[in-house]
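> Data: my_file_38.txt, compact mmCIF, C-alpha atoms.
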# COMPACT_ATOMS: atom_id res chain seq x y z
CA MET Q 1 -7.51 -1.10 -55.82
CA LYS Q 2 -7.38 2.64 -56.49
CA ARG Q 3 -4.64 4.03 -58.70
CA ARG Q 4 -1.35 3.88 -56.87
CA ASP Q 5 1.01 6.82 -56.72
CA VAL Q 6 4.03 4.69 -57.67
CA LEU Q 7 6.99 6.36 -59.27
CA ILE Q 8 10.04 4.74 -60.82
CA GLY Q 9 13.12 6.93 -60.99
CA ALA Q 10 14.21 8.63 -64.16
CA GLY Q 11 17.56 10.27 -64.75
CA VAL Q 12 18.18 12.33 -61.63
CA SER Q 13 21.89 12.90 -61.08
CA LEU Q 14 22.22 13.37 -57.35
CA LEU Q 15 25.02 11.02 -56.41
CA GLY Q 16 28.62 10.70 -57.50
CA ALA Q 17 29.02 7.57 -59.62
CA SER Q 18 32.54 7.09 -58.27
CA ALA Q 19 31.06 6.26 -54.85
CA PHE Q 20 29.36 3.11 -56.11
CA PRO Q 21 28.88 0.30 -55.62
CA LEU Q 22 30.75 0.61 -52.32
CA GLY Q 23 29.02 -1.49 -49.69
CA TRP Q 24 26.81 -3.26 -52.20
CA THR Q 25 26.77 -6.99 -52.88
CA ALA Q 26 24.65 -8.10 -55.80
CA ALA Q 27 22.34 -11.11 -55.70
CA ALA Q 28 23.90 -14.40 -56.77
CA GLU Q 29 21.16 -14.98 -59.33
CA LYS Q 30 21.22 -12.61 -62.29
CA LYS Q 31 17.98 -10.70 -61.79
CA THR Q 32 17.01 -7.13 -61.07
CA GLN Q 33 15.84 -6.92 -57.48
CA LYS Q 34 12.89 -4.62 -56.81
CA VAL Q 35 12.41 -2.44 -53.74
CA LEU Q 36 9.12 -0.79 -52.79
CA TYR Q 37 9.89 2.53 -51.08
CA PHE Q 38 6.90 3.72 -49.01
CA THR Q 39 7.15 7.39 -48.01
CA ARG Q 40 3.74 8.23 -46.57
CA SER Q 41 3.44 10.61 -43.63
CA ASN Q 42 0.34 11.14 -41.51
CA GLY Q 43 1.36 14.20 -39.54
CA PHE Q 44 4.78 15.83 -39.95
CA GLU Q 45 6.31 15.17 -43.36
CA HIS Q 46 10.09 15.33 -43.71
CA GLU Q 47 11.55 17.46 -46.48
CA ALA Q 48 13.44 14.38 -47.69
CA VAL Q 49 10.18 12.80 -48.86
CA LYS Q 50 8.06 15.92 -49.43
CA ARG Q 51 7.06 16.46 -53.03
CA LYS Q 52 6.88 19.89 -54.62
CA ASN Q 53 5.39 20.53 -58.04
CA ASP Q 54 4.91 16.77 -58.47
CA GLN Q 55 8.64 16.21 -58.14
CA LEU Q 56 10.03 13.45 -55.94
CA GLY Q 57 11.56 14.37 -52.61
CA TYR Q 58 15.33 14.41 -52.26
CA GLY Q 59 15.46 11.21 -50.21
CA GLU Q 60 13.21 9.49 -52.74
CA LYS Q 61 15.43 10.51 -55.65
CA ALA Q 62 18.54 9.52 -53.73
CA LEU Q 63 17.47 5.92 -53.09
CA ILE Q 64 16.40 5.58 -56.72
CA GLU Q 65 19.84 6.75 -57.82
CA MET Q 66 21.56 4.39 -55.40
CA GLY Q 67 19.53 1.56 -56.86
CA LYS Q 68 20.46 2.50 -60.40
CA ALA Q 69 24.14 2.55 -59.50
CA ALA Q 70 23.97 -0.76 -57.67
CA GLY Q 71 21.61 -2.51 -60.08
CA PHE Q 72 18.33 -2.73 -58.17
CA GLU Q 73 15.06 -1.00 -59.02
CA VAL Q 74 13.22 1.32 -56.63
CA GLU Q 75 9.51 2.07 -56.90
CA VAL Q 76 8.25 4.91 -54.69
CA THR Q 77 4.69 5.26 -53.41
CA LYS Q 78 2.71 7.18 -50.80
CA ASP Q 79 -0.41 5.08 -51.34
CA GLY Q 80 -1.00 2.62 -48.51
CA ALA Q 81 -3.45 0.66 -50.66
CA VAL Q 82 -0.41 -1.08 -52.14
CA PHE Q 83 -0.27 -3.30 -49.05
CA ASP Q 84 -3.69 -4.74 -49.83
CA GLY Q 85 -2.28 -6.06 -53.09
CA ASP Q 86 0.35 -8.60 -54.11
CA LEU Q 87 3.58 -7.97 -52.18
CA SER Q 88 5.44 -10.82 -53.87
CA LYS Q 89 6.39 -8.57 -56.81
CA TRP Q 90 8.88 -6.74 -54.56
CA ASP Q 91 12.03 -8.26 -53.12
CA CYS Q 92 12.20 -5.76 -50.26
CA ILE Q 93 9.98 -3.17 -48.57
CA ALA Q 94 11.58 0.12 -47.43
CA PHE Q 95 9.91 2.75 -45.23
CA TYR Q 96 10.58 6.48 -44.77
CA THR Q 97 7.30 7.16 -42.99
CA SER Q 98 5.83 8.89 -39.95
CA GLY Q 99 2.63 8.91 -37.95
CA ASN Q 100 -0.23 6.46 -37.73
CA LEU Q 101 -0.25 5.17 -41.28
CA THR Q 102 -3.70 3.62 -40.87
CA GLY Q 103 -5.10 6.91 -39.57
CA LYS Q 104 -6.81 9.69 -41.46
CA GLY Q 105 -4.14 11.55 -43.35
CA LYS Q 106 -4.26 14.59 -45.60
CA ASP Q 107 -4.65 12.49 -48.74
CA PRO Q 108 -7.96 10.55 -48.58
CA GLY Q 109 -7.72 6.97 -49.77
CA ALA Q 110 -3.97 6.75 -49.36
CA ASP Q 111 -3.85 5.36 -45.83
CA MET Q 112 -2.88 1.78 -45.11
CA THR Q 113 -5.79 -0.39 -44.08
CA GLU Q 114 -5.55 -2.42 -40.89
CA GLU Q 115 -5.60 -5.54 -43.05
CA GLY Q 116 -2.81 -4.11 -45.20
CA LYS Q 117 -0.70 -3.51 -42.12
CA LYS Q 118 -1.30 -7.08 -40.92
CA LYS Q 119 -0.44 -8.38 -44.37
CA LEU Q 120 2.82 -6.43 -44.40
CA LEU Q 121 3.89 -7.69 -40.98
CA ALA Q 122 2.95 -11.25 -41.90
CA ALA Q 123 5.00 -10.99 -45.10
CA ILE Q 124 8.04 -9.78 -43.17
CA ALA Q 125 7.67 -12.57 -40.61
CA ASP Q 126 7.50 -15.02 -43.51
CA GLY Q 127 10.76 -13.75 -45.01
CA LYS Q 128 10.11 -10.44 -46.82
CA PRO Q 129 13.08 -8.11 -46.17
CA PHE Q 130 12.36 -4.74 -44.54
CA VAL Q 131 14.51 -1.58 -44.43
CA GLY Q 132 13.63 1.50 -42.36
CA PHE Q 133 15.09 5.00 -42.69
CA HIS Q 134 15.06 7.81 -40.12
CA SER Q 135 11.40 8.41 -39.20
CA ALA Q 136 10.35 4.82 -39.88
CA THR Q 137 10.59 4.47 -36.08
CA ASP Q 138 8.21 7.45 -35.75
CA SER Q 139 5.41 5.35 -37.26
CA PHE Q 140 2.64 3.59 -35.33
CA ARG Q 141 3.80 4.99 -31.98
CA SER Q 142 1.66 4.05 -29.00
CA LYS Q 143 1.69 3.81 -25.21
CA GLY Q 144 2.54 0.14 -25.47
CA ILE Q 145 4.59 -1.59 -28.16
CA ASP Q 146 2.78 -1.70 -31.48
CA PRO Q 147 3.38 -4.85 -33.59
CA TYR Q 148 5.12 -2.65 -36.17
CA ILE Q 149 7.46 -1.22 -33.52
CA ALA Q 150 8.16 -4.76 -32.29
CA MET Q 151 9.12 -5.62 -35.87
CA ILE Q 152 11.39 -2.65 -36.56
CA GLY Q 153 13.03 -2.91 -33.13
CA GLY Q 154 12.70 0.55 -31.56
CA GLU Q 155 10.52 3.66 -31.30
CA PHE Q 156 11.28 7.35 -31.81
CA ILE Q 157 10.89 9.56 -28.74
CA SER Q 158 12.19 12.99 -29.74
CA HIS Q 159 15.16 14.82 -31.19
CA GLY Q 160 17.21 17.87 -30.30
CA PRO Q 161 18.85 20.43 -32.59
CA GLN Q 162 20.75 19.25 -35.62
CA GLN Q 163 24.38 18.89 -34.62
CA VAL Q 164 27.62 17.07 -35.24
CA ALA Q 165 27.66 13.89 -33.17
CA ALA Q 166 29.61 10.66 -33.15
CA LEU Q 167 28.61 7.11 -33.96
CA THR Q 168 30.75 4.12 -32.99
CA ASN Q 169 30.86 0.97 -35.09
CA VAL Q 170 30.31 -2.05 -32.84
CA SER Q 171 29.82 -4.59 -35.64
CA PRO Q 172 32.90 -4.03 -37.85
CA LYS Q 173 32.25 -7.06 -40.08
CA PHE Q 174 28.69 -6.08 -40.97
CA PRO Q 175 28.29 -5.19 -44.68
CA GLY Q 176 28.79 -1.50 -45.41
CA VAL Q 177 30.58 -0.53 -42.22
CA GLU Q 178 33.87 -2.33 -42.80
CA GLY Q 179 36.81 -0.06 -42.07
CA ILE Q 180 34.75 2.42 -40.06
CA ASP Q 181 35.65 2.91 -36.41
CA LYS Q 182 33.94 6.18 -35.50
CA LEU Q 183 31.88 8.47 -37.66
CA SER Q 184 31.04 12.13 -36.94
CA LEU Q 185 28.34 13.82 -38.99
CA ASN Q 186 25.90 16.71 -38.82
CA GLU Q 187 22.39 15.23 -38.70
CA GLU Q 188 19.06 15.34 -36.91
CA TRP Q 189 19.74 12.53 -34.46
CA TYR Q 190 16.81 10.53 -33.16
CA ALA Q 191 16.50 9.68 -29.50
CA MET Q 192 14.71 6.34 -29.30
CA GLY Q 193 13.49 3.76 -26.83
CA LYS Q 194 11.52 0.51 -26.55
CA PHE Q 195 14.46 -1.30 -28.09
CA ALA Q 196 13.97 -4.99 -28.81
CA LYS Q 197 16.12 -7.33 -26.75
CA ASP Q 198 17.32 -9.17 -29.85
CA LEU Q 199 18.84 -6.21 -31.72
CA HIS Q 200 22.18 -6.67 -33.40
CA VAL Q 201 23.50 -3.14 -32.97
CA ILE Q 202 25.76 -1.87 -35.74
CA LEU Q 203 26.25 1.84 -34.99
CA VAL Q 204 25.92 3.30 -31.48
CA GLN Q 205 24.85 6.88 -30.80
CA GLU Q 206 27.49 8.42 -28.52
CA THR Q 207 25.54 10.84 -26.34
CA ALA Q 208 28.39 12.47 -24.42
CA GLY Q 209 28.57 16.18 -25.25
CA MET Q 210 25.36 16.24 -27.30
CA LYS Q 211 23.11 19.28 -26.93
CA GLY Q 212 19.50 18.62 -25.98
CA ASP Q 213 17.73 17.13 -22.98
CA CYS Q 214 16.71 14.01 -24.90
CA TYR Q 215 20.37 13.02 -25.32
CA GLN Q 216 21.27 13.23 -21.63
CA ARG Q 217 21.20 9.48 -21.29
CA PRO Q 218 23.44 6.46 -21.87
CA ASN Q 219 24.47 5.52 -25.41
CA PHE Q 220 21.83 3.79 -27.50
CA PRO Q 221 21.51 2.05 -30.90
CA ALA Q 222 21.32 4.21 -34.04
CA THR Q 223 21.64 1.54 -36.75
CA TRP Q 224 20.79 -2.11 -36.29
CA ALA Q 225 19.70 -5.42 -37.79
CA ARG Q 226 17.42 -8.11 -36.43
CA MET Q 227 15.53 -11.19 -37.54
CA HIS Q 228 11.75 -10.91 -37.42
CA ASN Q 229 11.00 -14.61 -37.53
CA LYS Q 230 12.23 -15.40 -41.09
CA GLY Q 231 12.48 -11.77 -42.22
CA ARG Q 232 15.63 -9.67 -42.22
CA VAL Q 233 15.03 -6.20 -40.75
CA TYR Q 234 17.51 -3.33 -41.08
CA TYR Q 235 17.08 0.18 -39.68
CA THR Q 236 19.24 3.29 -39.71
CA SER Q 237 18.43 6.69 -38.19
CA PHE Q 238 20.19 8.42 -41.10
CA GLY Q 239 18.13 10.35 -43.61
CA HIS Q 240 17.02 13.81 -42.46
CA ARG Q 241 19.46 16.09 -44.26
CA ASP Q 242 20.09 16.21 -48.01
CA ASP Q 243 23.86 16.09 -47.52
CA ILE Q 244 23.46 12.89 -45.50
CA TRP Q 245 21.96 11.20 -48.56
CA THR Q 246 24.90 12.30 -50.72
CA ASN Q 247 27.60 11.38 -48.18
CA PRO Q 248 29.61 8.48 -49.69
CA THR Q 249 30.16 6.83 -46.30
CA VAL Q 250 26.45 6.91 -45.49
CA GLN Q 251 25.64 5.60 -48.98
CA LYS Q 252 28.03 2.72 -48.34
CA ILE Q 253 26.39 1.98 -44.97
CA ILE Q 254 22.90 2.03 -46.49
CA LEU Q 255 23.82 -0.16 -49.44
CA GLY Q 256 25.53 -2.66 -47.14
CA GLY Q 257 22.44 -2.88 -44.96
CA MET Q 258 20.14 -3.28 -47.93
CA ALA Q 259 22.36 -5.98 -49.45
CA TRP Q 260 22.17 -7.90 -46.16
CA ALA Q 261 18.40 -7.43 -45.87
CA LEU Q 262 17.93 -8.73 -49.40
CA GLY Q 263 20.00 -11.80 -48.57
CA ASN Q 264 22.74 -10.98 -51.06
CA VAL Q 265 25.38 -11.20 -48.35
CA GLN Q 266 25.52 -12.99 -45.02
CA ALA Q 267 26.40 -11.48 -41.64
CA ASP Q 268 26.41 -12.49 -38.00
CA VAL Q 269 23.42 -10.76 -36.42
CA THR Q 270 23.63 -12.36 -33.02
CA PRO Q 271 21.88 -10.03 -30.53
CA ASN Q 272 24.45 -7.75 -28.88
CA ILE Q 273 22.39 -4.90 -27.44
CA GLU Q 274 22.93 -5.99 -23.84
CA LYS Q 275 26.68 -6.01 -24.41
CA VAL Q 276 27.26 -2.81 -26.43
CA THR Q 277 24.43 -0.58 -25.12
CA PRO Q 278 23.34 -2.19 -21.84
CA GLN Q 279 21.44 0.94 -20.71
CA ALA Q 280 19.83 1.69 -24.06
CA ASN Q 281 16.32 1.87 -22.61
CA GLN Q 282 17.32 4.13 -19.72
CA LEU Q 283 15.69 7.48 -20.52
CA PRO Q 284 16.04 10.95 -19.00
CA GLU Q 285 13.43 11.50 -16.28
CA PRO Q 286 11.02 13.66 -18.39
CA GLN Q 287 11.13 11.05 -21.18
CA LYS Q 288 10.15 8.03 -19.11
CA LYS Q 289 6.89 6.38 -20.07
Render the structure in this file as structure tokens.

Amino acid sequence: MKRRDVLIGAGVSLLGASAFPLGWTAAAEKKTQKVLYFTRSNGFEHEAVKRKNDQLGYGEKALIEMGKAAGFEVEVTKDGAVFDGDLSKWDCIAFYTSGNLTGKGKDPGADMTEEGKKKLLAAIADGKPFVGFHSATDSFRSKGIDPYIAMIGGEFISHGPQQVAALTNVSPKFPGVEGIDKLSLNEEWYAMGKFAKDLHVILVQETAGMKGDCYQRPNFPATWARMHNKGRVYYTSFGHRDDIWTNPTVQKIILGGMAWALGNVQADVTPNIEKVTPQANQLPEPQKK
């Protein structure tokens, strides 16, 4: 395998230590859990994972810092060749990605292979935890439902202008969201579709009053959990803005979701999408596919 662009965090003070480890539950066994954070983009690359002067992107540094505070280790890579190797060394796979990751990107040799993609999906189905941030649902988009999209549980369609919008907590006992009823934040909110029928929705995007044609639709899931056969899958649309990554409430939500995905804490993830967002897949006329 070619040299991997894997980086392990070193001393970047982005996050307030007083905020941690809110939302986090450590593993019962005394070991350092390891998370592989894949941040490749074939197409548009978000500033959160864009590297300048060989420095990590803000969203890369932020997850590393969260791991340091909570006690897990984060390794960051943009090299898709990692999925052709041994995935057992990581306890969880996290994606902040976009585009067709097996396509021809700007960095030759760094794309996932088709076999690597199959290996990843098979590992998740066999019990490997998966966490997706923001544009992870903007990966492997297609006219149908790609196996990756079926795994993560939904697909990005578009987004409007960054704005303050509300999220409603519909799973108040889920790790990381305890004590939250509604949450209003300024973010780039993703409009999504092709939602899996077995989603356990945690946070609902409240579309009333939002600016942008893509939001003129019924409420839909913004953060969720699901079981992909034996694997725990957690996704949140958070992650575009720098101040989102440093928001203590968002940090708590992310850490809670990661703790659940890793199996450190249990939660009821009975599918509830039909109950809490029954019209989630109802899109505005121009968006229908």
> Could you pull the residues within 7 Å of Lys252 of chain Q, counting only C-alpha atoms, minus those fewer than 6 positions along the same chain, as a PyMOL selection string?
chain Q and resi 22-23+176
> Could you tell me which of Q:Pro21, Q:His200, Q:Asp138, Q:Tyr37 comes closest to Tyr234 of chain Q if we count all atoms listed in the file?
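Result for the nearest residue to Tyr234 of chain Q: Q:His200.
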> Would you mind telling me which residue in Q:His228, Q:Val177, Q:Leu255, Q:Gly127 lies nearest to Glu65 of chain Q when using all atoms listed in the file?
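Of all the options, Q:Leu255 lies closest to Glu65 of chain Q.
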> For the atom pair atom CA of Lys143 of chain Q and atom CA of Asp84 of chain Q, what is the interatomic distance in Å to one decimal place?
26.6 Å
> With a distance cut-off of 10 Å and only C-alpha atoms, select the neighbouring residues of Ser142 of chain Q, excluding the residue or stretch itself and same-chain residues fewer than 6 positions from it, and output the selection as a count of residues only.
3
> Neighbours of Tyr148 of chain Q within 9 Å (all atoms listed in the file; same-chain residues fewer than 3 positions away dropped), as a ChimeraX atom specification?
/Q:117,121,137,139-141,145,151-153
> What's the separation between atom CA of Thr97 of chain Q and atom CA of Val49 of chain Q, in Å to one decimal place?
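Between atom CA of Thr97 of chain Q and atom CA of Val49 of chain Q the gap works out to 8.6 Å.
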> Mind giving me the straight-line distance from atom CA of Lys89 of chain Q to atom CA of Trp24 of chain Q in Å, one decimal?
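Computing the Euclidean distance for atom CA of Lys89 of chain Q and atom CA of Trp24 of chain Q yields 21.6 Å.
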> Return the single residue from Q:Lys30, Q:His46, Q:Lys118, Q:Arg40 that is closest to His240 of chain Q, with distances computed using all atoms listed in the file.
Q:His46
> Using all atoms listed in the file, which residue out of Q:Ala27, Q:Ala62, Q:Ser171, Q:Asp91 lies closest to Pro248 of chain Q?
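Closest to Pro248 of chain Q of all the choices is Q:Ala62.
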> My list of candidates is Q:Ser98, Q:Thr236, Q:Asn281, Q:Asn247. Which is closest to His134 of chain Q when distances are computed with only C-alpha atoms?
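Looking only at the distances to His134 of chain Q, the closest residue turns out to be Q:Thr236.
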